[in-house]
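coords_21.cif (mmCIF, C-alpha atoms) appears below.
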```cif
data_upload
#
loop_
_atom_site.label_atom_id
_atom_site.label_comp_id
_atom_site.auth_asym_id
_atom_site.auth_seq_id
_atom_site.Cartn_x
_atom_site.Cartn_y
_atom_site.Cartn_z
CA MET V 1 -18.38 30.73 -4.28
CA LYS V 2 -19.47 28.69 -1.27
CA LEU V 3 -17.37 25.58 -0.92
CA VAL V 4 -18.91 22.20 -0.09
CA GLU V 5 -17.07 20.58 2.81
CA ILE V 6 -15.95 16.96 2.56
CA SER V 7 -14.58 15.33 5.71
CA VAL V 8 -11.58 13.05 5.24
CA ALA V 9 -9.78 10.88 7.83
CA TYR V 10 -6.07 10.27 7.44
CA MET V 11 -3.02 8.96 9.26
CA PRO V 12 0.02 11.25 9.70
CA LEU V 13 2.17 9.80 6.93
CA VAL V 14 3.97 11.27 3.95
CA ASP V 15 1.68 9.32 1.65
CA ALA V 16 -1.29 11.37 2.87
CA ALA V 17 0.30 14.21 0.88
CA PRO V 18 -2.22 14.27 -2.02
CA LEU V 19 -5.05 15.03 0.41
CA ILE V 20 -3.10 17.68 2.32
CA ILE V 21 -1.76 19.29 -0.85
CA ALA V 22 -5.21 19.26 -2.48
CA GLN V 23 -6.44 21.44 0.37
CA GLU V 24 -3.36 23.59 0.94
CA MET V 25 -2.54 24.34 -2.70
CA GLY V 26 -6.07 25.13 -3.85
CA PHE V 27 -6.87 22.06 -5.94
CA ALA V 28 -9.89 21.32 -3.77
CA GLN V 29 -11.08 24.91 -3.90
CA ALA V 30 -10.83 24.88 -7.71
CA GLU V 31 -13.31 21.99 -7.65
CA GLY V 32 -15.67 23.88 -5.35
CA ILE V 33 -14.90 21.80 -2.26
CA ALA V 34 -13.01 22.16 1.01
CA LEU V 35 -11.39 19.17 2.70
CA ASP V 36 -11.88 18.88 6.45
CA LEU V 37 -8.81 16.75 7.19
CA ILE V 38 -9.13 14.79 10.43
CA VAL V 39 -6.06 13.03 11.77
CA ALA V 40 -6.66 9.59 13.30
CA PRO V 41 -4.62 7.77 15.96
CA SER V 42 -4.66 4.37 14.24
CA TRP V 43 -5.72 2.58 11.08
CA SER V 44 -8.60 0.89 12.88
CA SER V 45 -9.84 4.39 13.76
CA VAL V 46 -9.64 5.47 10.12
CA ARG V 47 -11.63 2.40 9.06
CA ASP V 48 -14.26 2.90 11.75
CA MET V 49 -14.63 6.64 11.10
CA LEU V 50 -15.39 5.93 7.45
CA ALA V 51 -17.54 2.86 7.99
CA PHE V 52 -19.77 4.49 10.61
CA GLY V 53 -20.23 7.79 8.78
CA ARG V 54 -17.98 10.05 10.88
CA VAL V 55 -16.21 11.08 7.65
CA ASP V 56 -17.07 11.01 3.95
CA ALA V 57 -13.73 9.70 2.68
CA ALA V 58 -10.45 8.32 3.96
CA HIS V 59 -6.76 7.80 3.33
CA MET V 60 -6.76 4.02 3.70
CA LEU V 61 -4.48 1.01 3.49
CA SER V 62 -5.18 -0.59 0.12
CA PRO V 63 -6.06 -4.08 1.49
CA VAL V 64 -8.61 -2.80 4.04
CA PRO V 65 -11.65 -2.32 1.74
CA ILE V 66 -10.95 -5.76 0.28
CA ALA V 67 -10.61 -7.33 3.73
CA MET V 68 -13.90 -5.72 4.77
CA ALA V 69 -15.67 -7.16 1.73
CA MET V 70 -14.26 -10.57 2.68
CA GLY V 71 -15.78 -10.28 6.15
CA LEU V 72 -12.43 -9.84 7.88
CA GLY V 73 -12.01 -7.48 10.83
CA GLY V 74 -15.58 -7.48 12.08
CA ILE V 75 -16.91 -4.52 10.05
CA SER V 76 -18.63 -5.14 6.73
CA THR V 77 -19.77 -1.69 5.55
CA PRO V 78 -19.32 -1.67 1.74
CA ILE V 79 -16.31 0.52 0.91
CA SER V 80 -15.09 1.56 -2.54
CA SER V 81 -11.46 2.22 -3.45
CA VAL V 82 -11.81 4.93 -6.08
CA SER V 83 -8.17 5.94 -6.61
CA VAL V 84 -4.73 4.85 -5.47
CA LEU V 85 -3.27 7.67 -3.38
CA SER V 86 0.30 6.39 -3.31
CA VAL V 87 2.53 3.65 -4.68
CA ASN V 88 5.42 2.26 -2.60
CA GLY V 89 6.78 4.37 0.28
CA ASN V 90 7.32 1.74 3.00
CA VAL V 91 10.59 0.88 4.72
CA ILE V 92 11.69 -2.31 6.46
CA GLY V 93 14.02 -1.81 9.39
CA VAL V 94 15.50 -3.48 12.46
CA GLY V 95 16.10 -2.45 16.06
CA ASN V 96 19.54 -1.79 17.47
CA ALA V 97 20.14 -5.33 18.71
CA LEU V 98 19.67 -6.82 15.25
CA ALA V 99 21.40 -3.89 13.58
CA GLN V 100 24.53 -4.44 15.64
CA LYS V 101 24.52 -8.18 14.94
CA LEU V 102 24.14 -7.51 11.24
CA ARG V 103 26.92 -4.96 11.27
CA SER V 104 29.24 -7.33 13.17
CA ALA V 105 28.48 -10.04 10.59
CA GLY V 106 29.62 -7.71 7.82
CA TYR V 107 26.25 -6.66 6.43
CA ARG V 108 26.63 -3.45 4.41
CA PHE V 109 23.09 -2.05 4.77
CA ASP V 110 22.99 -1.47 1.01
CA PHE V 111 19.19 -0.92 1.18
CA ALA V 112 18.72 -2.73 -2.11
CA ASP V 113 19.12 -6.53 -1.94
CA PRO V 114 16.17 -8.47 -0.45
CA LEU V 115 17.92 -11.83 -0.76
CA ALA V 116 21.07 -10.71 1.05
CA ALA V 117 19.06 -8.92 3.76
CA ALA V 118 16.96 -12.02 4.42
CA ARG V 119 19.99 -14.31 4.41
CA MET V 120 21.80 -12.18 6.98
CA LEU V 121 18.70 -11.79 9.16
CA ALA V 122 18.20 -15.55 9.16
CA GLN V 123 21.85 -15.96 10.13
CA VAL V 124 21.86 -13.55 13.09
CA GLY V 125 18.28 -13.97 14.31
CA GLU V 126 17.36 -16.25 17.18
CA GLY V 127 13.90 -17.63 16.58
CA PRO V 128 11.11 -15.75 14.80
CA ILE V 129 11.77 -12.03 14.35
CA THR V 130 8.85 -9.92 15.55
CA PHE V 131 8.00 -7.18 13.06
CA GLY V 132 5.90 -4.20 14.02
CA VAL V 133 3.35 -3.32 11.33
CA PRO V 134 0.64 -0.65 11.28
CA PHE V 135 -2.35 -2.98 10.71
CA PRO V 136 -3.02 -6.71 10.13
CA PHE V 137 -4.58 -6.07 6.70
CA SER V 138 -1.91 -3.99 4.99
CA MET V 139 0.70 -4.03 2.25
CA HIS V 140 3.26 -3.93 5.06
CA VAL V 141 2.22 -7.42 6.15
CA GLU V 142 1.86 -8.75 2.61
CA LEU V 143 5.29 -7.48 1.55
CA LEU V 144 6.92 -8.96 4.66
CA ARG V 145 5.24 -12.33 4.19
CA TYR V 146 5.98 -12.45 0.49
CA TRP V 147 9.65 -11.64 1.19
CA ALA V 148 10.00 -14.14 4.05
CA GLU V 149 8.33 -16.99 2.15
CA ALA V 150 10.64 -16.62 -0.84
CA THR V 151 13.92 -16.28 1.08
CA GLU V 152 15.98 -17.94 3.80
CA LEU V 153 13.89 -16.23 6.46
CA GLY V 154 11.01 -18.58 5.74
CA ALA V 155 7.33 -18.16 6.57
CA ASP V 156 7.99 -19.22 10.16
CA GLY V 157 10.91 -16.83 10.52
CA ILE V 158 8.75 -13.78 11.21
CA ALA V 159 5.98 -12.85 13.62
CA ILE V 160 3.64 -9.89 13.22
CA ARG V 161 2.60 -7.34 15.85
CA THR V 162 0.41 -4.29 15.27
CA VAL V 163 1.87 -0.89 16.24
CA PRO V 164 0.45 2.50 15.08
CA PRO V 165 3.01 4.22 12.80
CA PRO V 166 3.78 7.19 15.10
CA LEU V 167 4.58 4.75 17.94
CA MET V 168 6.89 2.48 15.93
CA ALA V 169 10.18 4.06 17.06
CA MET V 170 9.14 3.87 20.71
CA ALA V 171 8.05 0.24 20.38
CA LEU V 172 11.39 -0.57 18.77
CA ALA V 173 13.40 1.24 21.43
CA ALA V 174 11.42 -0.47 24.19
CA GLY V 175 12.11 -3.91 22.72
CA GLU V 176 8.42 -4.59 22.09
CA VAL V 177 9.31 -5.47 18.48
CA ASP V 178 12.59 -6.57 16.91
CA ALA V 179 12.01 -4.96 13.52
CA PHE V 180 9.34 -3.13 11.53
CA CYS V 181 7.73 -2.33 8.23
CA VAL V 182 6.17 1.13 8.21
CA GLY V 183 5.43 4.11 6.00
CA GLU V 184 7.56 7.22 6.12
CA PRO V 185 8.45 9.36 7.98
CA TRP V 186 8.25 6.86 10.83
CA GLY V 187 11.12 4.66 9.68
CA SER V 188 13.34 7.72 9.43
CA VAL V 189 12.12 8.83 12.85
CA ALA V 190 13.37 5.50 14.25
CA VAL V 191 16.79 6.08 12.68
CA GLU V 192 16.98 9.65 14.00
CA ALA V 193 15.95 8.46 17.46
CA SER V 194 18.85 5.96 17.39
CA ALA V 195 16.31 3.16 17.77
CA GLY V 196 17.31 1.18 14.69
CA ALA V 197 18.41 1.05 11.06
CA LEU V 198 16.72 0.57 7.70
CA LEU V 199 17.18 -2.63 5.69
CA LEU V 200 15.02 -2.28 2.58
CA PRO V 201 12.54 -0.01 0.83
CA GLY V 202 9.21 -1.65 0.11
CA ASN V 203 9.78 -1.36 -3.63
CA ALA V 204 12.75 -3.72 -3.36
CA ILE V 205 10.15 -6.46 -2.82
CA TRP V 206 7.47 -5.31 -5.27
CA GLY V 207 8.51 -2.53 -7.61
CA PHE V 208 5.11 -0.79 -7.89
CA SER V 209 2.77 -1.84 -5.11
CA PRO V 210 -0.47 0.04 -4.28
CA GLU V 211 0.08 1.38 -0.77
CA LYS V 212 -2.76 3.76 0.15
CA THR V 213 -6.12 4.29 -1.47
CA LEU V 214 -8.74 7.01 -1.52
CA ALA V 215 -11.73 5.20 -0.03
CA VAL V 216 -15.37 6.18 0.37
CA ARG V 217 -18.49 4.36 1.50
CA THR V 218 -20.10 2.78 -1.51
CA ASP V 219 -23.49 4.31 -0.67
CA TRP V 220 -21.88 7.78 -0.55
CA ALA V 221 -20.30 7.17 -3.95
CA ASP V 222 -23.72 6.21 -5.31
CA THR V 223 -25.65 9.13 -3.79
CA GLU V 224 -23.01 11.88 -4.17
CA PRO V 225 -21.43 11.26 -7.58
CA ASP V 226 -20.78 14.95 -8.23
CA LEU V 227 -18.94 15.45 -4.94
CA LEU V 228 -17.03 12.22 -5.47
CA GLY V 229 -15.85 13.37 -8.88
CA ARG V 230 -14.72 16.72 -7.48
CA LEU V 231 -12.79 14.99 -4.69
CA MET V 232 -11.13 12.51 -7.04
CA ARG V 233 -10.04 15.21 -9.48
CA ALA V 234 -8.69 17.49 -6.75
CA VAL V 235 -6.61 14.68 -5.28
CA TRP V 236 -5.37 13.56 -8.73
CA LYS V 237 -4.21 17.11 -9.49
CA ALA V 238 -2.41 17.26 -6.14
CA GLY V 239 -0.61 14.01 -6.96
CA ARG V 240 0.45 15.41 -10.33
CA TRP V 241 1.78 18.53 -8.58
CA LEU V 242 3.74 16.35 -6.16
CA SER V 243 5.38 14.50 -9.07
CA ASN V 244 7.48 17.59 -9.85
CA PRO V 245 10.84 17.27 -8.02
CA ASP V 246 11.05 21.06 -7.76
CA VAL V 247 8.18 21.17 -5.25
CA CYS V 248 9.77 18.85 -2.65
CA ALA V 249 10.82 21.66 -0.33
CA THR V 250 7.41 23.34 -0.44
CA ALA V 251 5.58 20.06 0.06
CA SER V 252 7.85 19.04 2.94
CA ASP V 253 7.25 22.35 4.71
CA LEU V 254 3.47 22.02 4.34
CA LEU V 255 3.37 18.42 5.52
CA SER V 256 5.65 19.13 8.49
CA ARG V 257 3.15 21.50 10.10
CA LYS V 258 1.83 20.58 13.54
CA ALA V 259 -1.68 20.14 12.15
CA TYR V 260 -0.47 17.43 9.76
CA LEU V 261 2.60 15.24 10.41
CA ASP V 262 4.30 17.36 13.10
CA VAL V 263 7.84 16.20 12.27
CA SER V 264 10.74 18.06 10.70
CA ALA V 265 10.53 18.99 7.03
CA GLU V 266 13.92 17.34 6.51
CA LEU V 267 12.56 13.92 7.49
CA ILE V 268 9.63 14.34 5.10
CA ASP V 269 11.93 15.43 2.30
CA ARG V 270 13.78 12.13 2.54
CA ALA V 271 10.68 10.23 1.46
CA LEU V 272 9.67 12.71 -1.24
CA SER V 273 13.17 12.79 -2.74
CA GLY V 274 14.01 9.12 -2.16
CA HIS V 275 17.27 10.09 -0.45
CA LEU V 276 17.18 8.21 2.84
CA THR V 277 19.49 7.95 5.81
CA VAL V 278 19.47 4.24 6.60
CA THR V 279 21.70 3.97 9.67
CA GLY V 280 22.67 6.04 12.67
CA TRP V 281 26.30 5.87 11.57
CA GLY V 282 25.66 7.88 8.46
CA SER V 283 24.82 5.54 5.58
CA HIS V 284 22.75 7.29 2.91
CA ARG V 285 20.99 5.69 -0.04
CA GLN V 286 19.14 7.08 -3.07
CA VAL V 287 16.07 5.01 -4.02
CA GLU V 288 14.49 5.47 -7.43
CA ARG V 289 10.69 5.62 -7.28
CA PHE V 290 10.70 5.29 -3.52
CA LEU V 291 7.25 6.91 -3.39
CA GLU V 292 5.00 7.67 -6.35
CA PHE V 293 1.87 9.82 -6.46
CA HIS V 294 1.33 10.23 -10.21
CA ASP V 295 3.81 8.80 -12.72
CA GLY V 296 3.16 5.43 -14.30
CA ALA V 297 -0.62 5.73 -13.86
CA ALA V 298 0.08 5.50 -10.14
CA THR V 299 -3.46 6.52 -9.18
CA PHE V 300 -5.20 3.86 -11.26
CA PRO V 301 -6.93 1.16 -9.17
CA TRP V 302 -5.92 -2.00 -11.02
CA ARG V 303 -8.23 -4.92 -10.36
CA SER V 304 -5.32 -7.29 -10.91
CA GLN V 305 -3.58 -5.77 -7.87
CA ALA V 306 -6.81 -6.16 -5.92
CA LYS V 307 -6.93 -9.85 -6.90
CA TRP V 308 -3.34 -10.32 -5.69
CA ILE V 309 -4.28 -8.79 -2.35
CA ALA V 310 -7.54 -10.74 -2.06
CA GLN V 311 -5.90 -14.08 -2.78
CA ARG V 312 -3.15 -13.50 -0.24
CA LEU V 313 -5.62 -12.36 2.44
CA HIS V 314 -7.81 -15.39 1.83
CA ARG V 315 -4.87 -17.78 2.08
CA VAL V 316 -3.93 -16.53 5.56
CA HIS V 317 -7.20 -15.29 7.05
CA GLY V 318 -9.93 -17.17 5.21
CA GLY V 319 -13.11 -15.17 4.81
CA VAL V 320 -15.25 -14.86 1.70
CA GLU V 321 -13.45 -15.76 -1.52
CA LEU V 322 -14.50 -12.80 -3.64
CA THR V 323 -15.72 -13.30 -7.18
CA ASP V 324 -14.67 -10.90 -9.93
CA ALA V 325 -18.10 -9.28 -9.73
CA GLN V 326 -17.82 -8.77 -5.97
CA LEU V 327 -14.30 -7.36 -6.27
CA ALA V 328 -15.51 -4.98 -8.99
CA LYS V 329 -17.76 -3.34 -6.38
CA VAL V 330 -14.75 -2.65 -4.14
CA VAL V 331 -11.93 -1.56 -6.44
CA ARG V 332 -13.42 0.93 -8.89
CA PRO V 333 -11.58 1.81 -12.12
CA ASP V 334 -15.08 2.34 -13.52
CA LEU V 335 -15.47 5.43 -11.32
CA GLN V 336 -12.17 6.83 -12.57
CA ARG V 337 -13.38 6.39 -16.14
CA GLU V 338 -16.65 8.11 -15.24
CA HIS V 339 -15.19 11.08 -13.39
CA PHE V 340 -11.86 11.58 -15.16
CA GLY V 341 -12.84 11.15 -18.78
CA GLY V 342 -14.44 14.57 -19.15
CA ALA V 343 -11.47 16.23 -17.44
CA GLY V 344 -9.01 15.10 -20.10
CA ILE V 345 -7.19 12.73 -17.75
CA ASP V 346 -5.72 9.79 -19.65
CA LEU V 347 -6.40 6.30 -18.26
CA PRO V 348 -5.21 2.80 -19.20
CA GLY V 349 -7.48 1.01 -21.64
CA ALA V 350 -7.51 -2.18 -19.54
CA SER V 351 -8.40 -2.65 -15.87
CA GLU V 352 -6.16 -5.68 -15.27
CA LYS V 353 -2.62 -6.62 -16.19
CA LEU V 354 0.03 -9.21 -15.43
CA GLU V 355 1.54 -7.99 -12.16
CA GLY V 356 5.32 -8.14 -12.03
CA ALA V 357 5.76 -8.45 -15.80
CA ILE V 358 6.89 -4.88 -16.56
CA LEU V 359 10.68 -4.70 -16.38
CA GLU V 360 11.19 -1.42 -18.26
CA PRO V 361 9.02 1.68 -18.76
CA THR V 362 6.34 0.48 -21.18
CA ALA V 363 3.79 2.43 -23.22
CA VAL V 364 0.30 0.93 -23.05
CA ALA V 365 -3.01 1.45 -24.79
CA SER V 366 -4.96 4.38 -23.38
CA ALA V 367 -7.57 6.91 -24.46
CA ALA V 368 -4.99 9.55 -25.40
CA GLY V 369 -2.05 7.22 -25.98
CA GLN V 370 0.11 8.99 -23.40
CA ILE V 371 0.53 6.45 -20.59
CA THR V 372 3.80 4.70 -19.82
CA LEU V 373 3.72 2.15 -17.03
CA LEU V 374 6.76 1.85 -14.78
CA PRO V 375 8.59 -1.33 -13.73
CA ASP V 376 6.58 -3.45 -11.30
CA ARG V 377 8.88 -6.45 -10.81
CA PHE V 378 8.56 -8.77 -7.83
CA PHE V 379 12.02 -9.35 -6.37
CA ASP V 380 11.83 -13.11 -7.02
CA GLY V 381 10.90 -12.66 -10.67
CA HIS V 382 7.45 -14.22 -10.37
CA ILE V 383 4.44 -12.93 -12.27
CA PHE V 384 0.89 -12.79 -10.99
CA ASP V 385 -1.70 -13.68 -13.60
CA PRO V 386 -5.11 -12.36 -12.47
CA TYR V 387 -6.87 -14.96 -14.62
CA ALA V 388 -5.01 -17.94 -13.18
CA LYS V 389 -6.12 -19.89 -10.12
CA ASN V 390 -2.60 -20.32 -8.74
CA LEU V 391 -1.25 -17.36 -6.80
CA HIS V 392 1.98 -16.96 -8.76
CA LYS V 393 3.11 -18.19 -12.10
CA LYS V 394 6.48 -18.05 -13.79
#
```
In structure tokens, how does this file's structure come out?
Amino acid sequence: MKLVEISVAYMPLVDAAPLIIAQEMGFAQAEGIALDLIVAPSWSSVRDMLAFGRVDAAHMLSPVPIAMAMGLGGISTPISSVSVLSVNGNVIGVGNALAQKLRSAGYRFDFADPLAAARMLAQVGEGPITFGVPFPFSMHVELLRYWAEATELGADGIAIRTVPPPLMAMALAAGEVDAFCVGEPWGSVAVEASAGALLLPGNAIWGFSPEKTLAVRTDWADTEPDLLGRLMRAVWKAGRWLSNPDVCATASDLLSRKAYLDVSAELIDRALSGHLTVTGWGSHRQVERFLEFHDGAATFPWRSQAKWIAQRLHRVHGGVELTDAQLAKVVRPDLQREHFGGAGIDLPGASEKLEGAILEPTAVASAAGQITLLPDRFFDGHIFDPYAKNLHKK
């Protein structure tokens, strides 16, 4: 059978795994497609490659399609987020200067307590702490700002600087940034390079945040529905395969190849297993649900999460305040229902929910009655109501 080639841009991160695994493990071939995976040097390159037709699909930061629809960033090509590729997976860390101050002040680097980490950073920091982030419109920035605003760090206690993920350790070592929030393996690379230490996993701030999305141009989705469905199903099956802990070693070896992430399999395994080395002096921490590709309806593009992102972007950057109808053209659970229903893939019955309200695994209404959502708590206990005008509500 002749395979139809679909070009896909991605950044060299562990959370690109569903795309790489879909190609390497035959899930794409089973759908009659082949993925031409094209590594990009930066997130702006990924965005531009997709927007200007260089590729058909992309591994993309979840806020970017929303930001584009809001007129932010200078490129307004309509983009659709058709599936979430990964949930969580970021790390917050500090450079050696801050790490040593924290250690001298008695901080234990427990990698779990956002309030204590912020309190100690505020105590040892001198002026705003400059955090390296991969892109201005990203969950990295939103998690950092949410954390700072609700703690002793304060909104004015941090500054943001853009650094491509593979360059984060070098920027930290050179003193260009004081700290960082980045996707794996690049936080672990910074630790291994003796450039810094890890403070928190991203899910310590929001327990189930949409990190990367599978994005396509909206006109491509409209004109190539068959190919889109094949791509979405192949990637979903790869995410399900990745959810099996027994495949970590195989997945790490595949992702470590020079053509993909080009780092050691051991560093990749840390993210896939959730067992991270957080300091250069040997502190190790196990993080439950550090990175999710499948469980808890991880791939479902909740419009309530999109509203959370849109409201936060608008508050800081302005731009168009998207209506529900406009947002529905960007974040597309309707396409999952269209392309997954016939494949026997169970989906939530609703497209919005209260974000931050799930404190324990919770069964929800679905077509087959087999979906259990996982805890999605915000660290400060607030709940986002997608129907309310105010950003957060107790």
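Selection by the PyMOL selection byres ((chain V and resi 95-101) around 8) on the present file picks out V:Gly93, V:Val94, V:Leu102, V:Arg103, V:Ser104, V:Ala105, V:Leu121, V:Val124, V:Gly125, V:Leu172, V:Ala173, V:Gly175, V:Val177, V:Asp178, V:Ala179, V:Ser194, V:Ala195, V:Gly196, V:Ala197.
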Do you know which residues lie at most 9 Å from (23.9, 7.9, 11.3), with coordinates as in the file and only C-alpha atoms counted, and could you write them as a ChimeraX atom specification? /V:191-192,194,197,277-284
Please write the residues picked by the PyMOL selection byres ((chain V and resi 292-302) around 9) on this file as a ChimeraX atom specification. /V:15,17-18,81-89,208,210,213,236-243,272,289-291,303-307,331-333,336,346-348,350-353,361,371-375
Which protein, DNA or RNA residues are at most 6 Å from (-2.8, 2.5, 0.9) in the file's coordinates when you count all atoms listed in the file, listed as a PyMOL selection string? chain V and resi 60-62+211-213
Option closest in space to Ala9 (chain V), from V:Val247, V:Leu35, V:Ala28, V:Pro136 [counting only C-alpha atoms]: V:Leu35
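Nearest to Ser42 (chain V) of all the residues V:Val91, V:Arg145, V:Ile160, V:Met168 is V:Met168, based on all atoms listed in the file.
In this model, the gap between CA of Glu338 (chain V) and CA of Phe27 (chain V) comes to 19.4 Å.
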Name the closest residue to Val55 (chain V) among the candidates V:Leu19, V:Ile6, V:Leu13, V:Val39; distances are taken between atoms, counting only C-alpha atoms. V:Ile6
To verify the selection step, state as a count of residues only which residues the PyMOL selection byres ((chain V and resi 90) around 7) yields on this input. 10
Considering all atoms listed in the file, can you say which of V:Gly207, V:Glu126, V:Met68, V:Ala215 comes closest to Glu360 (chain V)? V:Gly207
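Computed from the coordinates, the CA of Arg230 (chain V) to CA of Ala16 (chain V) distance equals 17.8 Å.
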Shell of 10 Å around Val263 (chain V), only C-alpha atoms, local chain residues under 3 positions omitted, as number ranges by chain: V: 12, 185-186, 189, 252-253, 255-258, 260, 266-268
Got time to write the residues from that selection, C-alpha atoms, as a PDB file, in the frame of the given file?
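As a result, selection32.pdb now contains:
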```
ATOM      1  CA  PRO V  12       0.020  11.250   9.700  1.00  0.00           C
ATOM      2  CA  PRO V 185       8.450   9.360   7.980  1.00  0.00           C
ATOM      3  CA  TRP V 186       8.250   6.860  10.830  1.00  0.00           C
ATOM      4  CA  VAL V 189      12.120   8.830  12.850  1.00  0.00           C
ATOM      5  CA  SER V 252       7.850  19.040   2.940  1.00  0.00           C
ATOM      6  CA  ASP V 253       7.250  22.350   4.710  1.00  0.00           C
ATOM      7  CA  LEU V 255       3.370  18.420   5.520  1.00  0.00           C
ATOM      8  CA  SER V 256       5.650  19.130   8.490  1.00  0.00           C
ATOM      9  CA  ARG V 257       3.150  21.500  10.100  1.00  0.00           C
ATOM     10  CA  LYS V 258       1.830  20.580  13.540  1.00  0.00           C
ATOM     11  CA  TYR V 260      -0.470  17.430   9.760  1.00  0.00           C
ATOM     12  CA  GLU V 266      13.920  17.340   6.510  1.00  0.00           C
ATOM     13  CA  LEU V 267      12.560  13.920   7.490  1.00  0.00           C
ATOM     14  CA  ILE V 268       9.630  14.340   5.100  1.00  0.00           C
TER      15      ILE V 268
END
```
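Going from CA of Gly73 (chain V) to CA of Asp156 (chain V) covers 23.2 Å.
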Among V:Pro65, V:Gly341, V:Gly349, V:Gly369, Ala310 (chain V) is approached most closely, using only C-alpha atoms, by V:Pro65
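Counting only C-alpha atoms and comparing V:Ser209, V:Thr218, V:Ser264, V:Asn244, the residue that lies closest to Glu355 (chain V) is V:Ser209.
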Identify, on the basis of only C-alpha atoms, every residue whose closest approach to Leu313 (chain V) does not exceed 9 Å; exclude the query and any residue fewer than 3 positions from it along the same chain; express the result as number ranges by chain. V: 63, 66-67, 70, 137, 142, 308-310, 316-319
Writing out the chosen residues with C-alpha atoms as a CSV table (one decimal), in the frame of the given file:
```csv
chain,number,residue,atom,x,y,z
V,63,PRO,CA,-6.1,-4.1,1.5
V,66,ILE,CA,-11.0,-5.8,0.3
V,67,ALA,CA,-10.6,-7.3,3.7
V,70,MET,CA,-14.3,-10.6,2.7
V,137,PHE,CA,-4.6,-6.1,6.7
V,142,GLU,CA,1.9,-8.8,2.6
V,308,TRP,CA,-3.3,-10.3,-5.7
V,309,ILE,CA,-4.3,-8.8,-2.4
V,310,ALA,CA,-7.5,-10.7,-2.1
V,316,VAL,CA,-3.9,-16.5,5.6
V,317,HIS,CA,-7.2,-15.3,7.0
V,318,GLY,CA,-9.9,-17.2,5.2
V,319,GLY,CA,-13.1,-15.2,4.8
```
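For Ala30 (chain V), the list of residues within 12 Å, based on all atoms listed in the file and with local chain neighbours fewer than 2 positions off taken out, reads Met1, Lys2, Leu3, Val4, Ala22, Gln23, Glu24, Met25, Gly26, Phe27, Ala28, Gly32, Ile33, Ala34, Leu35, Arg230, Leu231, Arg233, Ala234, Val235, Lys237 and Ala238 of chain V.
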How about saving the chosen residues, C-alpha atoms kept, as an mmCIF file, in the coordinates of the input?
```cif
data_model
loop_
_atom_site.group_PDB
_atom_site.id
_atom_site.type_symbol
_atom_site.label_atom_id
_atom_site.label_comp_id
_atom_site.auth_asym_id
_atom_site.auth_seq_id
_atom_site.Cartn_x
_atom_site.Cartn_y
_atom_site.Cartn_z
ATOM 1 C CA MET V 1 -18.380 30.730 -4.280
ATOM 2 C CA LYS V 2 -19.470 28.690 -1.270
ATOM 3 C CA LEU V 3 -17.370 25.580 -0.920
ATOM 4 C CA VAL V 4 -18.910 22.200 -0.090
ATOM 5 C CA ALA V 22 -5.210 19.260 -2.480
ATOM 6 C CA GLN V 23 -6.440 21.440 0.370
ATOM 7 C CA GLU V 24 -3.360 23.590 0.940
ATOM 8 C CA MET V 25 -2.540 24.340 -2.700
ATOM 9 C CA GLY V 26 -6.070 25.130 -3.850
ATOM 10 C CA PHE V 27 -6.870 22.060 -5.940
ATOM 11 C CA ALA V 28 -9.890 21.320 -3.770
ATOM 12 C CA GLY V 32 -15.670 23.880 -5.350
ATOM 13 C CA ILE V 33 -14.900 21.800 -2.260
ATOM 14 C CA ALA V 34 -13.010 22.160 1.010
ATOM 15 C CA LEU V 35 -11.390 19.170 2.700
ATOM 16 C CA ARG V 230 -14.720 16.720 -7.480
ATOM 17 C CA LEU V 231 -12.790 14.990 -4.690
ATOM 18 C CA ARG V 233 -10.040 15.210 -9.480
ATOM 19 C CA ALA V 234 -8.690 17.490 -6.750
ATOM 20 C CA VAL V 235 -6.610 14.680 -5.280
ATOM 21 C CA LYS V 237 -4.210 17.110 -9.490
ATOM 22 C CA ALA V 238 -2.410 17.260 -6.140
#
```
